[in-house]
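Engineer: Please find upload.cif (mmCIF, C-alpha atoms) on the next line:
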```cif
data_input
loop_
_atom_site.group_PDB
_atom_site.id
_atom_site.type_symbol
_atom_site.label_atom_id
_atom_site.label_comp_id
_atom_site.auth_asym_id
_atom_site.auth_seq_id
_atom_site.Cartn_x
_atom_site.Cartn_y
_atom_site.Cartn_z
ATOM 1 C CA MET Z 1 -105.526 -38.273 29.353
ATOM 2 C CA SER Z 2 -103.567 -35.159 28.683
ATOM 3 C CA THR Z 3 -99.809 -34.890 28.097
ATOM 4 C CA GLN Z 4 -97.680 -31.892 28.910
ATOM 5 C CA ALA Z 5 -94.580 -30.863 27.110
ATOM 6 C CA PRO Z 6 -91.465 -30.913 29.277
ATOM 7 C CA ARG Z 7 -90.516 -27.628 30.617
ATOM 8 C CA ARG Z 8 -87.492 -25.931 29.210
ATOM 9 C CA ARG Z 9 -84.918 -24.831 31.594
ATOM 10 C CA PRO Z 10 -84.246 -21.166 31.700
ATOM 11 C CA GLY Z 11 -81.775 -20.293 28.997
ATOM 12 C CA GLY Z 12 -83.298 -22.692 26.399
ATOM 13 C CA GLY Z 13 -81.676 -25.694 24.759
ATOM 14 C CA HIS Z 14 -81.816 -29.375 25.471
ATOM 15 C CA PRO Z 15 -81.915 -30.280 29.071
ATOM 16 C CA GLY Z 16 -78.687 -32.235 28.783
ATOM 17 C CA SER Z 17 -76.751 -29.673 26.804
ATOM 18 C CA ARG Z 18 -74.601 -26.774 27.995
ATOM 19 C CA PRO Z 19 -74.582 -23.315 26.486
ATOM 20 C CA ALA Z 20 -71.943 -22.757 23.756
ATOM 21 C CA ALA Z 21 -70.170 -20.144 25.855
ATOM 22 C CA ALA Z 22 -69.941 -22.645 28.694
ATOM 23 C CA ARG Z 23 -68.448 -25.308 26.399
ATOM 24 C CA ARG Z 24 -65.554 -23.057 25.167
ATOM 25 C CA ARG Z 25 -62.438 -22.978 27.296
ATOM 26 C CA PRO Z 26 -61.202 -19.556 28.143
ATOM 27 C CA SER Z 27 -57.961 -18.622 26.203
ATOM 28 C CA ARG Z 28 -54.814 -18.968 28.328
ATOM 29 C CA ARG Z 29 -52.438 -16.026 28.450
ATOM 30 C CA PRO Z 30 -48.822 -17.013 27.692
ATOM 31 C CA THR Z 31 -46.661 -17.290 30.743
ATOM 32 C CA ARG Z 32 -43.201 -15.819 31.160
ATOM 33 C CA ALA Z 33 -41.734 -19.238 30.421
ATOM 34 C CA ASP Z 34 -43.660 -19.387 27.131
ATOM 35 C CA LEU Z 35 -42.435 -15.932 26.126
ATOM 36 C CA TYR Z 36 -38.861 -16.830 27.047
ATOM 37 C CA ARG Z 37 -39.000 -20.063 25.011
ATOM 38 C CA ARG Z 38 -40.326 -18.187 21.996
ATOM 39 C CA LYS Z 39 -37.578 -15.596 22.335
ATOM 40 C CA VAL Z 40 -34.920 -18.299 22.537
ATOM 41 C CA VAL Z 41 -36.322 -20.028 19.448
ATOM 42 C CA ARG Z 42 -36.339 -16.784 17.469
ATOM 43 C CA ARG Z 43 -32.757 -16.090 18.474
ATOM 44 C CA ARG Z 44 -31.617 -19.546 17.481
ATOM 45 C CA VAL Z 45 -33.364 -19.352 14.129
ATOM 46 C CA GLY Z 46 -31.836 -15.902 13.531
ATOM 47 C CA ALA Z 47 -28.372 -17.169 14.475
ATOM 48 C CA ILE Z 48 -28.679 -20.156 12.134
ATOM 49 C CA LEU Z 49 -29.830 -17.951 9.264
ATOM 50 C CA GLY Z 50 -26.996 -15.517 9.976
ATOM 51 C CA MET Z 51 -24.434 -18.336 9.935
ATOM 52 C CA LEU Z 52 -25.821 -19.588 6.644
ATOM 53 C CA VAL Z 53 -25.551 -16.119 5.113
ATOM 54 C CA VAL Z 54 -21.979 -15.697 6.386
ATOM 55 C CA THR Z 55 -21.037 -19.137 5.072
ATOM 56 C CA VAL Z 56 -22.424 -18.352 1.634
ATOM 57 C CA VAL Z 57 -20.625 -14.994 1.552
ATOM 58 C CA VAL Z 58 -17.302 -16.489 2.691
ATOM 59 C CA CYS Z 59 -17.497 -19.305 0.164
ATOM 60 C CA THR Z 60 -18.384 -16.850 -2.578
ATOM 61 C CA VAL Z 61 -15.536 -14.474 -1.715
ATOM 62 C CA TRP Z 62 -12.863 -17.024 -0.834
ATOM 63 C CA PHE Z 63 -13.404 -19.935 -3.184
ATOM 64 C CA THR Z 64 -15.135 -18.596 -6.291
ATOM 65 C CA PRO Z 65 -14.101 -16.052 -8.945
ATOM 66 C CA ALA Z 66 -17.184 -13.924 -8.235
ATOM 67 C CA LEU Z 67 -14.896 -11.361 -6.606
ATOM 68 C CA GLY Z 68 -11.815 -12.447 -8.495
ATOM 69 C CA VAL Z 69 -9.208 -10.343 -10.266
ATOM 70 C CA ARG Z 70 -10.523 -8.982 -13.546
ATOM 71 C CA GLU Z 71 -8.177 -6.014 -14.033
ATOM 72 C CA VAL Z 72 -4.653 -5.017 -12.963
ATOM 73 C CA GLU Z 73 -4.400 -1.226 -12.940
ATOM 74 C CA VAL Z 74 -0.898 0.300 -13.059
ATOM 75 C CA LEU Z 75 -0.166 3.870 -11.953
ATOM 76 C CA GLY Z 76 2.993 5.951 -11.552
ATOM 77 C CA THR Z 77 5.070 4.611 -14.421
ATOM 78 C CA ALA Z 78 7.297 6.877 -16.486
ATOM 79 C CA ASP Z 79 9.981 4.855 -18.240
ATOM 80 C CA LEU Z 80 8.408 1.484 -17.524
ATOM 81 C CA THR Z 81 5.283 0.378 -19.354
ATOM 82 C CA ALA Z 82 2.164 -0.865 -17.611
ATOM 83 C CA ASP Z 83 2.535 -4.235 -19.357
ATOM 84 C CA GLU Z 84 6.063 -4.657 -17.992
ATOM 85 C CA VAL Z 85 4.726 -4.137 -14.489
ATOM 86 C CA ARG Z 86 1.804 -6.535 -15.039
ATOM 87 C CA VAL Z 87 4.127 -9.250 -16.312
ATOM 88 C CA ALA Z 88 6.381 -8.830 -13.265
ATOM 89 C CA ALA Z 89 3.392 -8.876 -10.900
ATOM 90 C CA ALA Z 90 2.249 -12.220 -12.361
ATOM 91 C CA ILE Z 91 -1.325 -11.992 -11.046
ATOM 92 C CA GLU Z 92 -3.541 -14.788 -12.356
ATOM 93 C CA PRO Z 93 -6.934 -13.583 -13.666
ATOM 94 C CA GLY Z 94 -9.796 -14.820 -11.513
ATOM 95 C CA THR Z 95 -7.716 -15.092 -8.342
ATOM 96 C CA PRO Z 96 -10.050 -14.222 -5.424
ATOM 97 C CA LEU Z 97 -9.061 -10.792 -4.126
ATOM 98 C CA VAL Z 98 -8.986 -11.900 -0.494
ATOM 99 C CA ARG Z 99 -6.536 -14.677 -1.348
ATOM 100 C CA LEU Z 100 -4.176 -12.406 -3.277
ATOM 101 C CA GLU Z 101 -0.765 -12.290 -1.566
ATOM 102 C CA VAL Z 102 -0.044 -8.576 -1.852
ATOM 103 C CA ASP Z 103 3.420 -8.853 -0.278
ATOM 104 C CA ALA Z 104 4.470 -11.454 -2.820
ATOM 105 C CA VAL Z 105 3.115 -9.328 -5.674
ATOM 106 C CA ALA Z 106 5.011 -6.275 -4.384
ATOM 107 C CA ALA Z 107 8.218 -8.302 -4.056
ATOM 108 C CA ARG Z 108 7.961 -9.478 -7.664
ATOM 109 C CA VAL Z 109 7.391 -5.952 -8.966
ATOM 110 C CA ARG Z 110 10.334 -4.603 -6.942
ATOM 111 C CA GLU Z 111 12.586 -7.020 -8.806
ATOM 112 C CA LEU Z 112 12.324 -4.670 -11.785
ATOM 113 C CA PRO Z 113 15.543 -2.604 -11.598
ATOM 114 C CA ARG Z 114 13.725 0.679 -12.249
ATOM 115 C CA VAL Z 115 11.280 0.178 -9.374
ATOM 116 C CA ALA Z 116 12.145 1.801 -6.053
ATOM 117 C CA GLY Z 117 8.857 0.816 -4.417
ATOM 118 C CA VAL Z 118 5.294 -0.251 -5.145
ATOM 119 C CA GLU Z 119 1.939 -0.177 -3.349
ATOM 120 C CA VAL Z 120 -0.525 -2.996 -3.992
ATOM 121 C CA GLU Z 121 -4.231 -2.357 -3.323
ATOM 122 C CA ARG Z 122 -7.347 -4.499 -3.662
ATOM 123 C CA VAL Z 123 -10.223 -2.516 -5.178
ATOM 124 C CA LEU Z 124 -13.652 -4.172 -5.191
ATOM 125 C CA PRO Z 125 -15.189 -5.780 -7.060
ATOM 126 C CA GLY Z 126 -12.270 -7.125 -9.134
ATOM 127 C CA THR Z 127 -9.339 -4.722 -9.535
ATOM 128 C CA VAL Z 128 -5.775 -4.831 -8.268
ATOM 129 C CA ARG Z 129 -4.112 -1.398 -8.290
ATOM 130 C CA LEU Z 130 -0.315 -1.186 -8.508
ATOM 131 C CA THR Z 131 1.142 2.255 -7.777
ATOM 132 C CA VAL Z 132 4.782 2.241 -8.819
ATOM 133 C CA ASP Z 133 7.542 4.543 -7.559
ATOM 134 C CA GLU Z 134 10.248 4.575 -10.204
ATOM 135 C CA ARG Z 135 13.846 5.373 -9.443
ATOM 136 C CA GLU Z 136 15.092 8.790 -10.464
ATOM 137 C CA PRO Z 137 18.705 9.274 -11.599
ATOM 138 C CA VAL Z 138 20.939 11.751 -9.777
ATOM 139 C CA ALA Z 139 24.116 11.022 -11.766
ATOM 140 C CA VAL Z 140 25.469 8.960 -14.627
ATOM 141 C CA ILE Z 141 28.435 6.684 -15.217
ATOM 142 C CA LYS Z 142 29.659 6.537 -18.791
ATOM 143 C CA SER Z 143 31.052 3.283 -20.144
ATOM 144 C CA PRO Z 144 31.665 1.694 -23.559
ATOM 145 C CA GLY Z 145 28.409 -0.235 -23.143
ATOM 146 C CA GLY Z 146 26.275 2.846 -22.601
ATOM 147 C CA VAL Z 147 25.354 5.365 -19.943
ATOM 148 C CA HIS Z 148 24.498 3.925 -16.536
ATOM 149 C CA LEU Z 149 21.875 5.700 -14.447
ATOM 150 C CA VAL Z 150 22.527 5.956 -10.706
ATOM 151 C CA ASP Z 151 19.850 6.891 -8.175
ATOM 152 C CA ALA Z 152 20.070 8.547 -4.741
ATOM 153 C CA THR Z 153 20.804 5.214 -3.047
ATOM 154 C CA GLY Z 154 23.856 4.662 -5.250
ATOM 155 C CA LYS Z 155 22.159 1.908 -7.249
ATOM 156 C CA ASP Z 156 23.181 1.513 -10.887
ATOM 157 C CA TYR Z 157 19.752 0.509 -12.152
ATOM 158 C CA ALA Z 158 19.592 1.082 -15.925
ATOM 159 C CA THR Z 159 21.677 1.656 -19.043
ATOM 160 C CA VAL Z 160 20.645 4.112 -21.738
ATOM 161 C CA ALA Z 161 22.189 5.288 -24.994
ATOM 162 C CA GLN Z 162 22.266 9.004 -24.130
ATOM 163 C CA PRO Z 163 22.619 10.658 -20.707
ATOM 164 C CA PRO Z 164 19.706 12.763 -19.447
ATOM 165 C CA ASP Z 165 20.342 16.498 -19.499
ATOM 166 C CA GLY Z 166 21.748 18.177 -16.423
ATOM 167 C CA LEU Z 167 23.078 15.122 -14.576
ATOM 168 C CA PRO Z 168 26.698 15.109 -13.347
ATOM 169 C CA GLU Z 169 29.064 12.347 -14.388
ATOM 170 C CA LEU Z 170 30.605 10.036 -11.800
ATOM 171 C CA GLU Z 171 34.197 8.880 -12.188
ATOM 172 C CA VAL Z 172 34.636 6.805 -9.063
ATOM 173 C CA THR Z 173 35.941 3.481 -7.866
ATOM 174 C CA PRO Z 174 33.300 0.913 -6.850
ATOM 175 C CA ASP Z 175 34.038 1.347 -3.134
ATOM 176 C CA ALA Z 176 33.686 5.136 -3.419
ATOM 177 C CA LEU Z 177 30.365 5.164 -5.283
ATOM 178 C CA GLY Z 178 28.241 5.419 -2.134
ATOM 179 C CA ALA Z 179 30.315 8.287 -0.713
ATOM 180 C CA ALA Z 180 30.217 10.227 -3.979
ATOM 181 C CA VAL Z 181 26.430 9.921 -4.268
ATOM 182 C CA ALA Z 182 25.984 10.824 -0.585
ATOM 183 C CA VAL Z 183 27.879 14.095 -1.072
ATOM 184 C CA LEU Z 184 26.047 14.888 -4.281
ATOM 185 C CA THR Z 185 22.599 14.372 -2.778
ATOM 186 C CA GLN Z 186 23.330 16.185 0.510
ATOM 187 C CA VAL Z 187 24.717 19.459 -0.846
ATOM 188 C CA PRO Z 188 22.237 22.361 -1.268
ATOM 189 C CA GLU Z 189 20.361 22.543 -4.552
ATOM 190 C CA SER Z 190 22.048 25.848 -5.405
ATOM 191 C CA LEU Z 191 25.450 24.126 -5.293
ATOM 192 C CA ARG Z 192 24.279 20.908 -6.893
ATOM 193 C CA ARG Z 193 23.205 22.782 -10.027
ATOM 194 C CA ASP Z 194 26.823 23.871 -10.482
ATOM 195 C CA VAL Z 195 28.280 20.353 -10.149
ATOM 196 C CA LEU Z 196 29.372 18.933 -13.491
ATOM 197 C CA GLY Z 197 30.999 15.777 -12.205
ATOM 198 C CA VAL Z 198 32.183 13.879 -9.137
ATOM 199 C CA THR Z 199 35.458 11.975 -8.863
ATOM 200 C CA ALA Z 200 36.647 9.753 -6.036
ATOM 201 C CA ASP Z 201 39.447 7.237 -5.646
ATOM 202 C CA SER Z 202 38.287 6.336 -2.136
ATOM 203 C CA PRO Z 203 35.350 7.170 0.165
ATOM 204 C CA SER Z 204 37.460 9.884 1.838
ATOM 205 C CA ASP Z 205 38.641 11.563 -1.380
ATOM 206 C CA VAL Z 206 35.497 12.969 -3.009
ATOM 207 C CA ARG Z 207 36.010 15.912 -5.375
ATOM 208 C CA LEU Z 208 33.392 18.017 -7.140
ATOM 209 C CA ALA Z 209 34.004 19.460 -10.602
ATOM 210 C CA LEU Z 210 32.266 22.848 -10.745
ATOM 211 C CA GLY Z 211 31.477 25.165 -13.622
ATOM 212 C CA GLY Z 212 34.178 27.564 -14.745
ATOM 213 C CA GLY Z 213 36.942 24.963 -14.370
ATOM 214 C CA ARG Z 214 36.797 25.045 -10.561
ATOM 215 C CA GLU Z 215 37.147 22.102 -8.201
ATOM 216 C CA ALA Z 216 35.887 21.564 -4.653
ATOM 217 C CA ARG Z 217 37.904 19.061 -2.648
ATOM 218 C CA TRP Z 218 35.369 17.560 -0.297
ATOM 219 C CA GLY Z 219 37.027 14.605 1.349
ATOM 220 C CA SER Z 220 34.503 12.269 3.040
ATOM 221 C CA PRO Z 221 30.707 12.766 3.255
ATOM 222 C CA ALA Z 222 31.084 13.745 6.934
ATOM 223 C CA ASP Z 223 30.082 17.339 7.867
ATOM 224 C CA THR Z 224 28.607 17.916 4.414
ATOM 225 C CA ALA Z 225 26.269 20.686 5.596
ATOM 226 C CA ARG Z 226 29.123 22.580 7.253
ATOM 227 C CA LYS Z 227 31.435 22.082 4.270
ATOM 228 C CA ALA Z 228 28.742 23.399 1.938
ATOM 229 C CA ALA Z 229 28.306 26.544 4.053
ATOM 230 C CA VAL Z 230 32.088 27.144 4.079
ATOM 231 C CA LEU Z 231 32.347 26.514 0.331
ATOM 232 C CA GLU Z 232 29.619 29.059 -0.353
ATOM 233 C CA VAL Z 233 31.780 31.725 1.251
ATOM 234 C CA LEU Z 234 34.981 30.542 -0.449
ATOM 235 C CA LEU Z 235 33.396 30.671 -3.894
ATOM 236 C CA THR Z 236 33.159 34.442 -3.565
ATOM 237 C CA ARG Z 237 36.938 34.548 -3.809
ATOM 238 C CA LYS Z 238 39.126 34.066 -6.837
ATOM 239 C CA GLY Z 239 40.646 30.655 -7.250
ATOM 240 C CA SER Z 240 40.305 27.319 -9.000
ATOM 241 C CA VAL Z 241 40.695 24.802 -6.158
ATOM 242 C CA PHE Z 242 38.578 25.143 -3.016
ATOM 243 C CA ASP Z 243 39.498 22.659 -0.291
ATOM 244 C CA VAL Z 244 36.867 22.150 2.403
ATOM 245 C CA SER Z 245 37.880 18.631 3.388
ATOM 246 C CA SER Z 246 38.782 20.157 6.764
ATOM 247 C CA PRO Z 247 36.112 22.833 7.160
ATOM 248 C CA GLU Z 248 37.971 24.328 10.154
ATOM 249 C CA LEU Z 249 40.969 25.058 7.870
ATOM 250 C CA PRO Z 250 39.641 25.644 4.325
ATOM 251 C CA THR Z 251 41.995 26.795 1.601
ATOM 252 C CA VAL Z 252 41.734 28.449 -1.824
ATOM 253 C CA SER Z 253 44.387 28.116 -4.514
#
```
Taking this structure as input, can you express it in the form of structure tokens?
Structural biologist:
Amino acid sequence: MSTQAPRRRPGGGHPGSRPAAARRRPSRRPTRADLYRRKVVRRRVGAILGMLVVTVVVCTVWFTPALGVREVEVLGTADLTADEVRVAAAIEPGTPLVRLEVDAVAARVRELPRVAGVEVERVLPGTVRLTVDEREPVAVIKSPGGVHLVDATGKDYATVAQPPDGLPELEVTPDALGAAVAVLTQVPESLRRDVLGVTADSPSDVRLALGGGREARWGSPADTARKAAVLEVLLTRKGSVFDVSSPELPTVS
């Protein structure tokens, strides 16, 4: 009796098996919903990472001395020293720059009598820059205790042993100080150079002592520009007293 081998089906392999290609599922292309979900996930992960970075930066800048004050730089001083300004500013080393109260620092520096103004700047990574505007004297008041310096605002801000060269002397009552300084600072520079002193018993009785023993009776600070123009003409005449307190009716005697 003869036996025959079972026939193979076309394509080979066991009769009960499928080809490998038939067993693999075809790959599915992502749908729009899948792409949208992936995009949303990426955005959320990016947002979380961004928030973490911002949080770390804020904590570093705000709460740690990493960007704290290491140096206080002082500019613009003449008679003051940089150390005097630093002491007045009272800035604690290591204070985070972003937490530095610049208005409070400026207010403390302005308490120095010689300071007319100050600019406070934060300079990364750890410097505070103080640019000081010192007062400049326009006149002096002599007293037994020394020579008082007076600036353009009429402030008596310092006392020195010797008066600076070229500044006129004020001999005025306290209520007339502002008027005397106003006249002195408003007259033209050509006239101001000839003023040796200013006297005033009241705000309406300002008088200028000029070189050559001459005197200009000014009156009040009103119409200073007009009075100065009239006085310039009067000074071409001979005389010792030039009254321009009423510029419409000036006199020379």
Engineer: Step by step, work through what the PyMOL selection byres ((chain Z and resi 205) around 10) selects in the shown file, and finish by giving those residues as number ranges by chain.
Structural biologist: Z: 172, 176, 179-180, 199-204, 206-207, 217-221, 245
Engineer: One decimal, Å: what's the distance from CA of Ala78 in chain Z over to CA of Glu134 in chain Z, could you say?
Structural biologist: 7.3 Å
Engineer: How many Å lie between CA of Thr159 in chain Z and CA of Gly145 in chain Z, rounded to one decimal?
Structural biologist: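 Between CA of Thr159 in chain Z and CA of Gly145 in chain Z the gap is 8.1 Å.
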Engineer: Skipping near chain neighbours, those fewer than 6 positions away, what residues fall within 10 Å of Leu80 in chain Z using only C-alpha atoms, listed as a list in words?
Structural biologist: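 Near neighbours after the sequence-gap exclusion: Leu112, Arg114, Val115, Val132 and Glu134 of chain Z.
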Engineer: Have a look at CA of Glu119 in chain Z and CA of Asp103 in chain Z and let me know their distance in Å, one decimal.
Structural biologist: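 The value is 9.3 Å.
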Engineer: So what does the PyMOL selection byres ((chain Z and resi 224-239) around 9) actually pick up in this one, as a PyMOL selection string?
Structural biologist: chain Z and resi 183+186-188+191+214+216+218+220-223+240-248+250-253
Engineer: Out of Z:Thr31, Z:Pro174, Z:Val181, Z:Glu169, which residue has the shortest atom-to-atom distance to Thr153 in chain Z when counting all atoms listed in the file?
Structural biologist: Z:Val181
Engineer: Kindly provide, as a list in words, the polymer residues lying within 9 Å of (14.4, 4.5, -10.8), counting only C-alpha atoms and using the coordinates exactly as they appear in the file.
Structural biologist: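 Checked against the point, the hits come out as Asp79, Pro113, Arg114, Val115, Ala116, Asp133, Glu134, Arg135, Glu136, Pro137, Leu149, Val150, Asp151, Lys155, Tyr157 and Ala158 of chain Z.
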Engineer: Which polymer residues have any atom within 7 Å of an atom of Asp194 in chain Z, counting only C-alpha atoms, with same-chain residues fewer than 2 positions away left out, as a PDB file with C-alpha atoms, keeping the file's coordinate frame?
Structural biologist:
```pdb
ATOM      1  CA  LEU Z 191      25.450  24.126  -5.293  1.00  0.00           C
ATOM      2  CA  ARG Z 192      24.279  20.908  -6.893  1.00  0.00           C
ATOM      3  CA  LEU Z 196      29.372  18.933 -13.491  1.00  0.00           C
ATOM      4  CA  LEU Z 210      32.266  22.848 -10.745  1.00  0.00           C
ATOM      5  CA  GLY Z 211      31.477  25.165 -13.622  1.00  0.00           C
TER       6      GLY Z 211
END
```
Engineer: Which residue out of Z:Leu97, Z:Ala88, Z:Val102, Z:Leu170 has the minimum interatomic distance to Gly126 in chain Z when all atoms listed in the file are used?
Structural biologist: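 Ranking Z:Leu97, Z:Ala88, Z:Val102, Z:Leu170 by distance to Gly126 in chain Z, first place goes to Z:Leu97.
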Engineer: Here's the selection I'm unsure about, the PyMOL selection byres ((chain Z and resi 68-73) around 12); applied to the file above, which residues does it give, as an MDAnalysis selection string?
Structural biologist: chainID Z and resid 60:67 74:77 81:100 105 119:132
Engineer: What's around Ala209 in chain Z at 6 Å? Count all atoms listed in the file, leave out sequence neighbours fewer than 5 positions away in its own chain, and write the answer as JSON, numbers by chain.
Structural biologist: {"Z": [195, 196, 197, 215]}
Engineer: Would you save the residues of that selection, restricted to C-alpha atoms, as a compact mmCIF listing (two decimals), keeping the file's coordinate frame?
Structural biologist:
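result02.txt was written with the following content:
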```txt
# COMPACT_ATOMS: atom_id res chain seq x y z
CA VAL Z 195 28.28 20.35 -10.15
CA LEU Z 196 29.37 18.93 -13.49
CA GLY Z 197 31.00 15.78 -12.20
CA GLU Z 215 37.15 22.10 -8.20
```
Engineer: Which one is closest to Ala182 in chain Z: Z:Arg43, Z:Leu167, Z:Gly154, Z:Val118? Count all atoms listed in the file.
Structural biologist: Z:Gly154
Engineer: Using all atoms listed in the file, find the one residue out of Z:Glu101, Z:Asp156, Z:Glu111, Z:Glu189 that sits nearest to Lys142 in chain Z.
Structural biologist: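 Looking at the shortest contact to Lys142 in chain Z, the residue is Z:Asp156.
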